[in-house]
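Student: Got a structure here, written out as structure tokens. Questions coming.
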Amino acid sequence: MTQPDPASATPSRAGADLFLISLLLLFAELACIRWFPAHVLYLTFFTNVVLLACFLGMSVGCLAAGHRRDYLAWTPLLLALALGAANGVEYLREHLERLVDVGHQESPQVVFFGTEYHTEDLAGFVIPIEVLGGVFFLLLALAFIGPGQEMGRAFNRLPNRVWAYSVNILGSIVGIVLFSLCAWMELTPFWWFLLIAVGLGYFLIPRYPAVRFPAHSVGLALSLAAVVALAVLPSLRVGPGRQQFWSPYYRIDYDLRQRAIHVNLIGHQAMVPIAHPWPAYALPYLLHRDAGGEPFADVLIIGAGSGNDVSRALQWGARHVDAVEIDPVIQRLGARDHPDQPYRDPRVVVHLDDGRNFLRSAGRQYDLIIYALVDSLVLHSSYSNIRLESYLFTREAFEDVRKCLKPDGLFVMYNYFRQGWIVTRIHQGLEEVFGKDNPLVLTLPYRESVKPDDALFGYYAVFFSGNTEPLRRAFLRQPEYWLRLGPAYGPDLPGNGFEQPSADERRRWQALSDEERRKDWWFQFGPARVEPPAEPLRTATDDWPFLYLRRPMIPDLSLRGMLVMGGLAAVLLVLFLPRRQGPGPRWDWPMFFLGAGFMLIETKAVVHMALLWGSTWMVNSVVFLAVLVMILAANLGVLRFRPRRVGPFYVGLLAALALNAVVPLDFFLGMGRVPQVVGSCLLVFTPVLFAAVIFAVLFGRTAQPDRALGANIAGAMVGGLSEYSSMLVGFQYLVLLAVVYYVLAAALGRCSTCEEK
């Protein structure tokens, strides 16, 4: 479909169009990043499939700015096709789970919660997850070609390149602010995609009026309506007794009758009253009491969720409970519907915050600190492989916990950790902080030992650290603790003499398989021996916070995904690469490597600020906004001072990156607020400023802004793929790869300048 009326806009109209298409692109990118992983479970766990697809589409679109064909006219149909495919995958997910392989979760290199099903026939055909990811990568890339082309054309119509780039950044700033408002107001996808449809209609409807193009106008109206309809279709399928919410982090499906919460299609938590017979929530209090301890007075619960752990703390006599939960919707559901109504108790103070951030700013000590089934099930952002909870399980996080414990305090964490090596890694980190032989590990059902190669599907592991000596002495006095499933386990249960099974019941229980024991009415408790690994197991740290990655490596699954995305990107870029026109090169290599380096700088900024200020959506939004503001400031500086040479800025950039590689990520932790803010921002954002000045100077000189921008965005995609190397080397040294990219940009830029002379 060709554009019927080629643009002959005035500079002011071209500037307005550039502002609006930039706003639309950023807003649509963020909407897709939120929507698609929430409906295609298998995209939830992969860093940047949607992000890189958007980058690729924009890059190809910029390269196609000179084409006569109007690709924006196809955008509504392509976007509707991608949304429809996601709806289909969601609808068939129960069947697809038997066909889709998510990295061999029976014995994985990296663990993805919610995919631990057991395939009955391992020899049968399975669809690799990277193939499914590749399908959506291609669909989304195609959908973003049209807006990218529109942006490239707008750039070509503005003679002042730096001013045009400033307008582009202003539009992006408004786009991110607008989507952040949608997240803050917890608006549903109906509003996101309605705004996208309106934005597309603004550009397309005047081009294809119904009088001149009746067929095109009808098709356009239908495809725009289909975009909105398909975006909200899953919410229309919500049955009676169910509700759907969109928090800043999740799509939340809530079953009112069972009080069960699913997030992004994975079962997350259920509201369990204190009358429920399952003993796990009461276990820390039971064992502490029977070891001779007094009730915990001051309790901190990280991952308070809908309130189960809070209700148990209150039941067992806590005088003050700080309940920390990152998701406001989940907390509100618990406050509204939990049968024990724990959040209404005046002893409870709710903190909607990141757990690690709260530990550093609590300002008090506790008798008991609990990590309550902390597993976010989502990535922290589309820029990195860390998850929302990653910075809670590092050695430095355990040191923060120790500082918040009273001298006789106890630290307890529990979860279904799936793999023996995860239990071993946590145990190792706790020993490094609390001392050798300090941590105790119990499993439910009972296991005598945990080995790194054990598959612990269905096993509930409980860690005790801190003042564990009374517990050790209690287990020496009574090696076998038993509980009978039946009564609710509260403080009135007799201590130091749990009801013991008869000899016949004990023999019957010991003859059961692990699966049968999980369903039996007797529970045995006792410390499990954590076997050391045969080969060194790296402790999770703030630099390498990958709890669920078995060893420093780029997993095979990620490598295959990178190959699929890289191959598809290469094909599209070659197909749309413009023919040589004039003396300039077909491909702008300096701009390409500038984009790759900048993507890694931005990733470092996101990760570093998440560590300092918390892994909340608001921190992410502020960081992205700050990066855009720094770029805008650099543009204004270039417009005002018109620097002729970029060499000094390259020197400053490389020096700033070297400083980022030397200064540890946690260097500013524990400082006062003012020096922490000033120091961290100078460290993280100084490279952004230098890089933005270099880009603005070089972009201002280009005769083909669409090609330069297309190459730059393609480079950003390569930088996004390079982020996977953080799983191998950690985030501290990720900037060294950015140094390599910028050195290449400087060298190739110098070579091209020499050729022109």
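Residue numbering restarts at 1 in every chain; chains get A, B, ... in the order shown in the structure tokens, and ligands count up from 1 in that same order.
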List the neighbours of segment 643-650 of chain A out to 8 Å using only C-alpha atoms; skip same-chain residues closer than 5 positions along the sequence, and give me the result as number ranges by chain.

Tutor: A: 638, 690-691, 693-694, 697, 742, 746

Student: Give me the residues within 8 Å of Gly614 of chain A as a list in words, counting only C-alpha atoms and dropping any in the same chain fewer than 4 places off.

Tutor: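 Non-adjacent residues within range: Asp353, Asp354, Gly355, Arg356, Asn357, Met609, Ala610 and Val619 of chain A.
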
Student: Would you save the residues of that selection, restricted to all heavy atoms, as a tab-separated table (two decimals), in the first residue's frame?

Tutor:
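Resulting contents of part02.tsv:
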```tsv
chain	number	residue	atom	x	y	z
A	353	ASP	N	6.80	-1.33	49.35
A	353	ASP	CA	8.19	-1.01	49.06
A	353	ASP	C	8.92	-2.28	48.61
A	353	ASP	O	8.43	-3.40	48.80
A	353	ASP	CB	8.86	-0.42	50.31
A	353	ASP	CG	10.16	0.30	50.01
A	353	ASP	OD1	10.55	0.39	48.82
A	353	ASP	OD2	10.81	0.76	50.97
A	354	ASP	N	10.08	-2.07	48.03
A	354	ASP	CA	11.00	-3.17	47.73
A	354	ASP	C	11.64	-3.64	49.03
A	354	ASP	O	12.06	-2.82	49.86
A	354	ASP	CB	12.05	-2.68	46.74
A	354	ASP	CG	13.21	-3.63	46.60
A	354	ASP	OD1	13.02	-4.71	46.01
A	354	ASP	OD2	14.31	-3.31	47.09
A	355	GLY	N	11.73	-4.97	49.22
A	355	GLY	CA	12.23	-5.51	50.48
A	355	GLY	C	13.65	-5.10	50.79
A	355	GLY	O	13.98	-4.77	51.93
A	356	ARG	N	14.53	-5.13	49.79
A	356	ARG	CA	15.93	-4.77	50.04
A	356	ARG	C	16.04	-3.31	50.42
A	356	ARG	O	16.81	-2.93	51.33
A	356	ARG	CB	16.76	-5.06	48.78
A	356	ARG	CG	18.25	-4.72	48.90
A	356	ARG	CD	18.97	-5.73	49.76
A	356	ARG	NE	20.37	-5.37	49.91
A	356	ARG	CZ	21.33	-5.67	49.04
A	356	ARG	NH1	21.02	-6.34	47.93
A	356	ARG	NH2	22.57	-5.33	49.27
A	357	ASN	N	15.29	-2.46	49.77
A	357	ASN	CA	15.31	-1.05	50.10
A	357	ASN	C	14.82	-0.82	51.53
A	357	ASN	O	15.38	0.01	52.26
A	357	ASN	CB	14.45	-0.27	49.11
A	357	ASN	CG	14.57	1.23	49.29
A	357	ASN	OD1	15.64	1.80	49.23
A	357	ASN	ND2	13.44	1.88	49.52
A	609	MET	N	20.59	1.53	39.90
A	609	MET	CA	19.58	2.27	40.66
A	609	MET	C	18.58	1.33	41.33
A	609	MET	O	18.03	1.65	42.38
A	609	MET	CB	18.87	3.27	39.76
A	609	MET	CG	19.78	4.41	39.31
A	609	MET	SD	20.59	5.22	40.72
A	609	MET	CE	21.51	6.51	39.90
A	610	ALA	N	18.32	0.17	40.72
A	610	ALA	CA	17.46	-0.82	41.37
A	610	ALA	C	18.09	-1.29	42.67
A	610	ALA	O	17.40	-1.50	43.68
A	610	ALA	CB	17.21	-2.00	40.44
A	619	VAL	N	11.01	3.34	40.44
A	619	VAL	CA	12.45	3.56	40.26
A	619	VAL	C	12.81	3.37	38.78
A	619	VAL	O	13.57	4.16	38.20
A	619	VAL	CB	13.26	2.61	41.16
A	619	VAL	CG1	14.74	2.64	40.78
A	619	VAL	CG2	13.10	2.99	42.62
```

Student: Show which residues sit within 9 Å of Val401 of chain A, as an mmCIF file with all heavy atoms, in the first residue's frame. Count only C-alpha atoms, and ignore same-chain residues fewer than 2 positions away.

Tutor:
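Dumped everything to around23.cif:
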```
data_model
loop_
_atom_site.group_PDB
_atom_site.id
_atom_site.type_symbol
_atom_site.label_atom_id
_atom_site.label_comp_id
_atom_site.auth_asym_id
_atom_site.auth_seq_id
_atom_site.Cartn_x
_atom_site.Cartn_y
_atom_site.Cartn_z
ATOM 1 N N ARG A 356 14.531 -5.133 49.788
ATOM 2 C CA ARG A 356 15.933 -4.771 50.036
ATOM 3 C C ARG A 356 16.043 -3.305 50.423
ATOM 4 O O ARG A 356 16.809 -2.934 51.332
ATOM 5 C CB ARG A 356 16.759 -5.062 48.780
ATOM 6 C CG ARG A 356 18.250 -4.721 48.905
ATOM 7 C CD ARG A 356 18.973 -5.727 49.765
ATOM 8 N NE ARG A 356 20.368 -5.370 49.913
ATOM 9 C CZ ARG A 356 21.333 -5.671 49.044
ATOM 10 N NH1 ARG A 356 21.022 -6.345 47.930
ATOM 11 N NH2 ARG A 356 22.573 -5.326 49.273
ATOM 12 N N LEU A 359 15.031 -2.954 54.051
ATOM 13 C CA LEU A 359 16.050 -3.430 54.990
ATOM 14 C C LEU A 359 17.099 -2.354 55.253
ATOM 15 O O LEU A 359 17.583 -2.208 56.384
ATOM 16 C CB LEU A 359 16.722 -4.685 54.442
ATOM 17 C CG LEU A 359 15.929 -5.989 54.530
ATOM 18 C CD1 LEU A 359 16.608 -7.076 53.707
ATOM 19 C CD2 LEU A 359 15.786 -6.443 55.983
ATOM 20 N N ARG A 360 17.468 -1.615 54.221
ATOM 21 C CA ARG A 360 18.503 -0.599 54.391
ATOM 22 C C ARG A 360 17.983 0.646 55.104
ATOM 23 O O ARG A 360 18.767 1.398 55.680
ATOM 24 C CB ARG A 360 19.076 -0.203 53.024
ATOM 25 C CG ARG A 360 19.898 -1.289 52.374
ATOM 26 C CD ARG A 360 20.687 -0.728 51.190
ATOM 27 N NE ARG A 360 19.810 -0.188 50.173
ATOM 28 C CZ ARG A 360 19.398 -0.862 49.099
ATOM 29 N NH1 ARG A 360 19.790 -2.105 48.931
ATOM 30 N NH2 ARG A 360 18.612 -0.302 48.215
ATOM 31 N N ILE A 369 12.780 -11.895 61.367
ATOM 32 C CA ILE A 369 12.651 -11.398 59.998
ATOM 33 C C ILE A 369 12.318 -12.588 59.112
ATOM 34 O O ILE A 369 12.996 -13.618 59.165
ATOM 35 C CB ILE A 369 13.939 -10.709 59.505
ATOM 36 C CG1 ILE A 369 14.242 -9.474 60.358
ATOM 37 C CG2 ILE A 369 13.813 -10.323 58.035
ATOM 38 C CD1 ILE A 369 15.547 -8.786 60.001
ATOM 39 N N GLU A 396 25.233 -9.695 50.145
ATOM 40 C CA GLU A 396 25.086 -8.363 50.736
ATOM 41 C C GLU A 396 23.697 -8.166 51.336
ATOM 42 O O GLU A 396 23.549 -7.472 52.354
ATOM 43 C CB GLU A 396 25.362 -7.301 49.671
ATOM 44 C CG GLU A 396 26.787 -7.278 49.155
ATOM 45 C CD GLU A 396 27.052 -8.239 48.012
ATOM 46 O OE1 GLU A 396 26.183 -9.095 47.761
ATOM 47 O OE2 GLU A 396 28.103 -8.150 47.368
ATOM 48 N N ALA A 397 22.671 -8.774 50.739
ATOM 49 C CA ALA A 397 21.321 -8.672 51.302
ATOM 50 C C ALA A 397 21.254 -9.385 52.646
ATOM 51 O O ALA A 397 20.612 -8.893 53.591
ATOM 52 C CB ALA A 397 20.304 -9.280 50.332
ATOM 53 N N PHE A 398 21.889 -10.549 52.759
ATOM 54 C CA PHE A 398 21.899 -11.262 54.039
ATOM 55 C C PHE A 398 22.638 -10.452 55.104
ATOM 56 O O PHE A 398 22.286 -10.505 56.291
ATOM 57 C CB PHE A 398 22.545 -12.634 53.872
ATOM 58 C CG PHE A 398 21.770 -13.569 52.965
ATOM 59 C CD1 PHE A 398 22.407 -14.613 52.310
ATOM 60 C CD2 PHE A 398 20.414 -13.410 52.768
ATOM 61 C CE1 PHE A 398 21.701 -15.473 51.482
ATOM 62 C CE2 PHE A 398 19.693 -14.261 51.943
ATOM 63 C CZ PHE A 398 20.344 -15.289 51.292
ATOM 64 N N GLU A 399 23.654 -9.683 54.688
ATOM 65 C CA GLU A 399 24.326 -8.801 55.647
ATOM 66 C C GLU A 399 23.384 -7.704 56.119
ATOM 67 O O GLU A 399 23.395 -7.326 57.301
ATOM 68 C CB GLU A 399 25.576 -8.205 54.999
ATOM 69 C CG GLU A 399 26.685 -9.223 54.779
ATOM 70 C CD GLU A 399 27.841 -8.664 53.970
ATOM 71 O OE1 GLU A 399 27.690 -7.540 53.429
ATOM 72 O OE2 GLU A 399 28.873 -9.354 53.863
ATOM 73 N N LYS A 403 22.117 -7.051 60.088
ATOM 74 C CA LYS A 403 22.167 -5.760 60.779
ATOM 75 C C LYS A 403 20.807 -5.392 61.366
ATOM 76 O O LYS A 403 20.747 -4.651 62.361
ATOM 77 C CB LYS A 403 22.618 -4.681 59.807
ATOM 78 C CG LYS A 403 24.064 -4.830 59.351
ATOM 79 C CD LYS A 403 24.411 -3.814 58.270
ATOM 80 C CE LYS A 403 25.807 -4.046 57.721
ATOM 81 N NZ LYS A 403 26.130 -3.120 56.591
ATOM 82 N N CYS A 404 19.734 -5.894 60.764
ATOM 83 C CA CYS A 404 18.382 -5.565 61.251
ATOM 84 C C CYS A 404 17.886 -6.537 62.313
ATOM 85 O O CYS A 404 16.764 -6.371 62.814
ATOM 86 C CB CYS A 404 17.393 -5.546 60.089
ATOM 87 S SG CYS A 404 17.617 -4.154 58.962
ATOM 88 N N LEU A 405 18.664 -7.566 62.641
ATOM 89 C CA LEU A 405 18.272 -8.523 63.672
ATOM 90 C C LEU A 405 18.789 -8.086 65.045
ATOM 91 O O LEU A 405 19.916 -7.588 65.169
ATOM 92 C CB LEU A 405 18.843 -9.908 63.364
ATOM 93 C CG LEU A 405 18.109 -10.791 62.361
ATOM 94 C CD1 LEU A 405 18.880 -12.096 62.163
ATOM 95 C CD2 LEU A 405 16.685 -11.097 62.818
ATOM 96 N N PHE A 411 16.316 -15.202 61.660
ATOM 97 C CA PHE A 411 15.977 -14.935 60.267
ATOM 98 C C PHE A 411 15.474 -16.237 59.652
ATOM 99 O O PHE A 411 16.152 -17.264 59.703
ATOM 100 C CB PHE A 411 17.208 -14.425 59.520
ATOM 101 C CG PHE A 411 17.025 -14.289 58.024
ATOM 102 C CD1 PHE A 411 15.855 -13.777 57.486
ATOM 103 C CD2 PHE A 411 18.040 -14.668 57.157
ATOM 104 C CE1 PHE A 411 15.692 -13.641 56.115
ATOM 105 C CE2 PHE A 411 17.895 -14.541 55.784
ATOM 106 C CZ PHE A 411 16.721 -14.032 55.260
#
```

Student: Between A:Ser361, A:Pro342, A:Val651, A:Thr539, which has the minimum distance to Met671 of chain A (counting only C-alpha atoms)?

Tutor: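 Ranking A:Ser361, A:Pro342, A:Val651, A:Thr539 by distance to Met671 of chain A, first place goes to A:Ser361.
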
Student: Hey, which bits of segment 564-674 of chain A sit within 10 Å of segment 312-335 of chain A, and for each residue what's the closest pair of atoms and how far apart in Å (one decimal), counting only C-alpha atoms, rows by chain and increasing number, as JSON lines?

Tutor:
```
{"residue": "A:Gly614", "atom": "CA", "partner": "A:Ile326", "partner_atom": "CA", "distance": 9.7}
{"residue": "A:Ser615", "atom": "CA", "partner": "A:Ile326", "partner_atom": "CA", "distance": 8.8}
{"residue": "A:Thr616", "atom": "CA", "partner": "A:Ile326", "partner_atom": "CA", "distance": 7.2}
{"residue": "A:Trp617", "atom": "CA", "partner": "A:Ile326", "partner_atom": "CA", "distance": 9.4}
```

Student: Mind writing the picked residues with N, CA, C and O atoms as an mmCIF file, in the first residue's frame?

Tutor:
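Wrote result.cif, looks like this:
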```
data_model
loop_
_atom_site.group_PDB
_atom_site.id
_atom_site.type_symbol
_atom_site.label_atom_id
_atom_site.label_comp_id
_atom_site.auth_asym_id
_atom_site.auth_seq_id
_atom_site.Cartn_x
_atom_site.Cartn_y
_atom_site.Cartn_z
ATOM 1 N N GLY A 614 15.774 0.356 45.146
ATOM 2 C CA GLY A 614 14.714 -0.645 45.155
ATOM 3 C C GLY A 614 14.277 -1.024 43.757
ATOM 4 O O GLY A 614 14.366 -0.234 42.810
ATOM 5 N N SER A 615 13.777 -2.248 43.636
ATOM 6 C CA SER A 615 13.372 -2.791 42.333
ATOM 7 C C SER A 615 11.905 -2.495 42.041
ATOM 8 O O SER A 615 11.160 -3.367 41.613
ATOM 9 N N THR A 616 11.491 -1.269 42.281
ATOM 10 C CA THR A 616 10.091 -0.915 42.066
ATOM 11 C C THR A 616 9.893 -0.328 40.672
ATOM 12 O O THR A 616 10.834 0.162 40.042
ATOM 13 N N TRP A 617 8.660 -0.366 40.203
ATOM 14 C CA TRP A 617 8.365 0.179 38.883
ATOM 15 C C TRP A 617 8.635 1.677 38.845
ATOM 16 O O TRP A 617 9.047 2.223 37.822
#
```

Student: Nearest residue to Arg93 of chain A out of A:Arg161, A:Lys451, A:His39, A:Arg68, using only C-alpha atoms?

Tutor: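 Among the listed residues, A:His39 lies closest to Arg93 of chain A.
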
Student: Kindly indicate which residue among A:Pro445, A:Gly267, A:Gly719, A:Gly595 lies nearest to Phe457 of chain A, using only C-alpha atoms for the distances.

Tutor: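 Closest residue, counting only C-alpha atoms: A:Pro445.
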
Student: Which residues are close to segment 572-580 of chain A, i.e. within 10 Å by only C-alpha atoms, leaving aside same-chain residues fewer than 4 positions away? Reply as a list in words.

Tutor: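 The contact residues come out as Leu56, Gly57, Ser59, Val60, Gly61, Cys62, Leu63, Ala64, Ala65, Gly66, His67, Leu138, Ala141, Leu142, Gly567, Leu568, Gly584, Pro585, Arg586, Trp587, Arg707, Gly710, Ala711 and Ala714 of chain A.
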
Student: Please identify all polymer residues within 8 Å of segment 423-440 of chain A, counting only C-alpha atoms, omitting same-chain residues fewer than 4 positions from it, and present them as a ChimeraX atom specification.

Tutor: /A:393-395,398-399,402,417,419,450-452,461,463-466,468-469,527-528,530-533,537-540,547

Student: Restricted to N, CA and C atoms, what would the selected residues look like written as a tab-separated table (two decimals), in the first residue's frame?

Tutor:
```tsv
chain	number	residue	atom	x	y	z
A	393	PHE	N	18.47	-12.09	47.70
A	393	PHE	CA	19.14	-13.35	47.98
A	393	PHE	C	20.64	-13.27	47.78
A	394	THR	N	21.19	-12.08	47.76
A	394	THR	CA	22.64	-11.93	47.62
A	394	THR	C	23.30	-11.93	48.99
A	395	ARG	N	24.62	-12.15	48.97
A	395	ARG	CA	25.36	-12.13	50.23
A	395	ARG	C	25.21	-10.78	50.92
A	398	PHE	N	21.89	-10.55	52.76
A	398	PHE	CA	21.90	-11.26	54.04
A	398	PHE	C	22.64	-10.45	55.10
A	399	GLU	N	23.65	-9.68	54.69
A	399	GLU	CA	24.33	-8.80	55.65
A	399	GLU	C	23.38	-7.70	56.12
A	402	ARG	N	21.17	-9.29	58.69
A	402	ARG	CA	21.87	-9.48	59.98
A	402	ARG	C	21.92	-8.18	60.77
A	417	PHE	N	11.98	-24.16	46.39
A	417	PHE	CA	13.13	-23.71	45.64
A	417	PHE	C	13.48	-24.60	44.45
A	419	GLN	N	15.24	-26.81	43.10
A	419	GLN	CA	16.48	-27.52	42.80
A	419	GLN	C	17.40	-27.52	44.02
A	450	VAL	N	20.05	-32.80	51.51
A	450	VAL	CA	19.78	-32.12	50.25
A	450	VAL	C	21.09	-32.06	49.48
A	451	LYS	N	21.07	-32.60	48.26
A	451	LYS	CA	22.26	-32.61	47.42
A	451	LYS	C	22.05	-31.63	46.27
A	452	PRO	N	23.15	-31.08	45.74
A	452	PRO	CA	22.99	-30.10	44.65
A	452	PRO	C	22.22	-30.61	43.45
A	461	ALA	N	11.20	-25.82	51.49
A	461	ALA	CA	12.44	-25.70	52.26
A	461	ALA	C	12.36	-24.48	53.18
A	463	PHE	N	14.70	-22.16	55.87
A	463	PHE	CA	16.03	-21.81	56.37
A	463	PHE	C	15.89	-21.04	57.67
A	464	PHE	N	16.73	-21.38	58.66
A	464	PHE	CA	16.83	-20.63	59.91
A	464	PHE	C	18.26	-20.12	60.04
A	465	SER	N	18.43	-18.83	60.33
A	465	SER	CA	19.75	-18.26	60.56
A	465	SER	C	19.66	-17.26	61.70
A	466	GLY	N	20.83	-16.88	62.22
A	466	GLY	CA	20.86	-15.97	63.35
A	466	GLY	C	21.08	-16.74	64.63
A	468	THR	N	20.43	-19.55	66.11
A	468	THR	CA	19.91	-20.90	65.87
A	468	THR	C	20.37	-21.92	66.90
A	469	GLU	N	21.22	-21.50	67.84
A	469	GLU	CA	21.74	-22.48	68.80
A	469	GLU	C	20.64	-23.12	69.65
A	527	PRO	N	16.42	-31.28	60.99
A	527	PRO	CA	17.40	-30.62	60.12
A	527	PRO	C	17.85	-31.54	58.99
A	528	ALA	N	17.94	-30.96	57.81
A	528	ALA	CA	18.46	-31.69	56.65
A	528	ALA	C	19.93	-31.32	56.48
A	530	VAL	N	22.89	-30.36	54.32
A	530	VAL	CA	23.10	-29.78	53.00
A	530	VAL	C	24.46	-30.23	52.50
A	531	GLU	N	24.45	-31.06	51.48
A	531	GLU	CA	25.70	-31.63	50.96
A	531	GLU	C	26.46	-30.56	50.16
A	532	PRO	N	27.77	-30.47	50.34
A	532	PRO	CA	28.55	-29.50	49.55
A	532	PRO	C	28.60	-29.91	48.09
A	533	PRO	N	28.71	-28.96	47.19
A	533	PRO	CA	28.75	-29.29	45.76
A	533	PRO	C	30.09	-29.92	45.37
A	537	LEU	N	30.36	-23.61	43.78
A	537	LEU	CA	29.07	-23.00	43.45
A	537	LEU	C	29.15	-21.54	43.83
A	538	ARG	N	28.97	-20.67	42.87
A	538	ARG	CA	29.13	-19.24	43.13
A	538	ARG	C	27.98	-18.70	43.96
A	539	THR	N	28.31	-18.00	45.03
A	539	THR	CA	27.29	-17.35	45.85
A	539	THR	C	26.71	-16.16	45.10
A	540	ALA	N	25.42	-15.96	45.22
A	540	ALA	CA	24.80	-14.78	44.60
A	540	ALA	C	25.28	-13.52	45.31
A	547	LEU	N	20.37	-15.97	41.38
A	547	LEU	CA	20.09	-17.11	42.26
A	547	LEU	C	19.68	-18.34	41.49
```

Student: What lies within 10 Å of Trp191 of chain A using only C-alpha atoms, ignoring chain neighbours under 5 positions off, as a list in words?

Tutor: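 The neighbour list is Cys182, Ile196, Ala197, Val228, Ala231 and Val232 of chain A.
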
Student: Write the residues of the preceding selection, restricted to N, CA and C atoms, as a PDB file, in the first residue's frame.

Tutor:
```
ATOM      1  N   CYS A 182      -0.506   5.667  33.562  1.00  0.00           N
ATOM      2  CA  CYS A 182      -1.414   4.523  33.397  1.00  0.00           C
ATOM      3  C   CYS A 182      -1.098   3.436  34.432  1.00  0.00           C
ATOM      4  N   ILE A 196      -3.226   3.915  21.722  1.00  0.00           N
ATOM      5  CA  ILE A 196      -2.410   3.531  20.566  1.00  0.00           C
ATOM      6  C   ILE A 196      -3.236   3.606  19.286  1.00  0.00           C
ATOM      7  N   ALA A 197      -4.477   3.100  19.336  1.00  0.00           N
ATOM      8  CA  ALA A 197      -5.348   3.143  18.156  1.00  0.00           C
ATOM      9  C   ALA A 197      -5.644   4.586  17.750  1.00  0.00           C
ATOM     10  N   VAL A 228      -7.892  -2.915  19.740  1.00  0.00           N
ATOM     11  CA  VAL A 228      -8.455  -2.681  21.079  1.00  0.00           C
ATOM     12  C   VAL A 228      -9.206  -3.920  21.568  1.00  0.00           C
ATOM     13  N   ALA A 231      -6.902  -6.766  22.575  1.00  0.00           N
ATOM     14  CA  ALA A 231      -6.153  -6.450  23.787  1.00  0.00           C
ATOM     15  C   ALA A 231      -6.972  -6.713  25.040  1.00  0.00           C
ATOM     16  N   VAL A 232      -8.290  -6.556  24.969  1.00  0.00           N
ATOM     17  CA  VAL A 232      -9.140  -6.732  26.153  1.00  0.00           C
ATOM     18  C   VAL A 232      -9.881  -8.065  26.147  1.00  0.00           C
TER      19      VAL A 232
END
```

Student: By how many Å are atom CA of Ala270 of chain A and atom CA of Asn308 of chain A apart?

Tutor: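 Between atom CA of Ala270 of chain A and atom CA of Asn308 of chain A the gap works out to 8.4 Å.
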
Student: With only C-alpha atoms as the counted atoms, please give the residues lying no more than 10 Å from Asp454 of chain A, apart from itself and same-chain residues fewer than 5 positions off, as a PyMOL selection string.

Tutor: chain A and resi 107+418-423+449

Student: Could you go through segment 485-661 of chain A and tell me which residues DSSP, when run on the backbone, assigns to alpha helix (DSSP H), listing them as an NGL selection string?

Tutor: :A and (503-510 or 514-518 or 556-576 or 589-613 or 617-641 or 647-661)

Student: Using only C-alpha atoms, can you tell me which of A:Ala221, A:Leu392, A:Val111, A:Leu23 comes closest to Leu204 of chain A?

Tutor: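 When distances to Leu204 of chain A are compared using only C-alpha atoms, the smallest one comes from A:Ala221.
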
Student: Name the residues of segment 166-245 of chain A that fall into strand (DSSP E or B) according to DSSP on the backbone, using the chain letters and numbers of this document, as JSON, numbers by chain.

Tutor: {"A": [242, 243, 244, 245]}
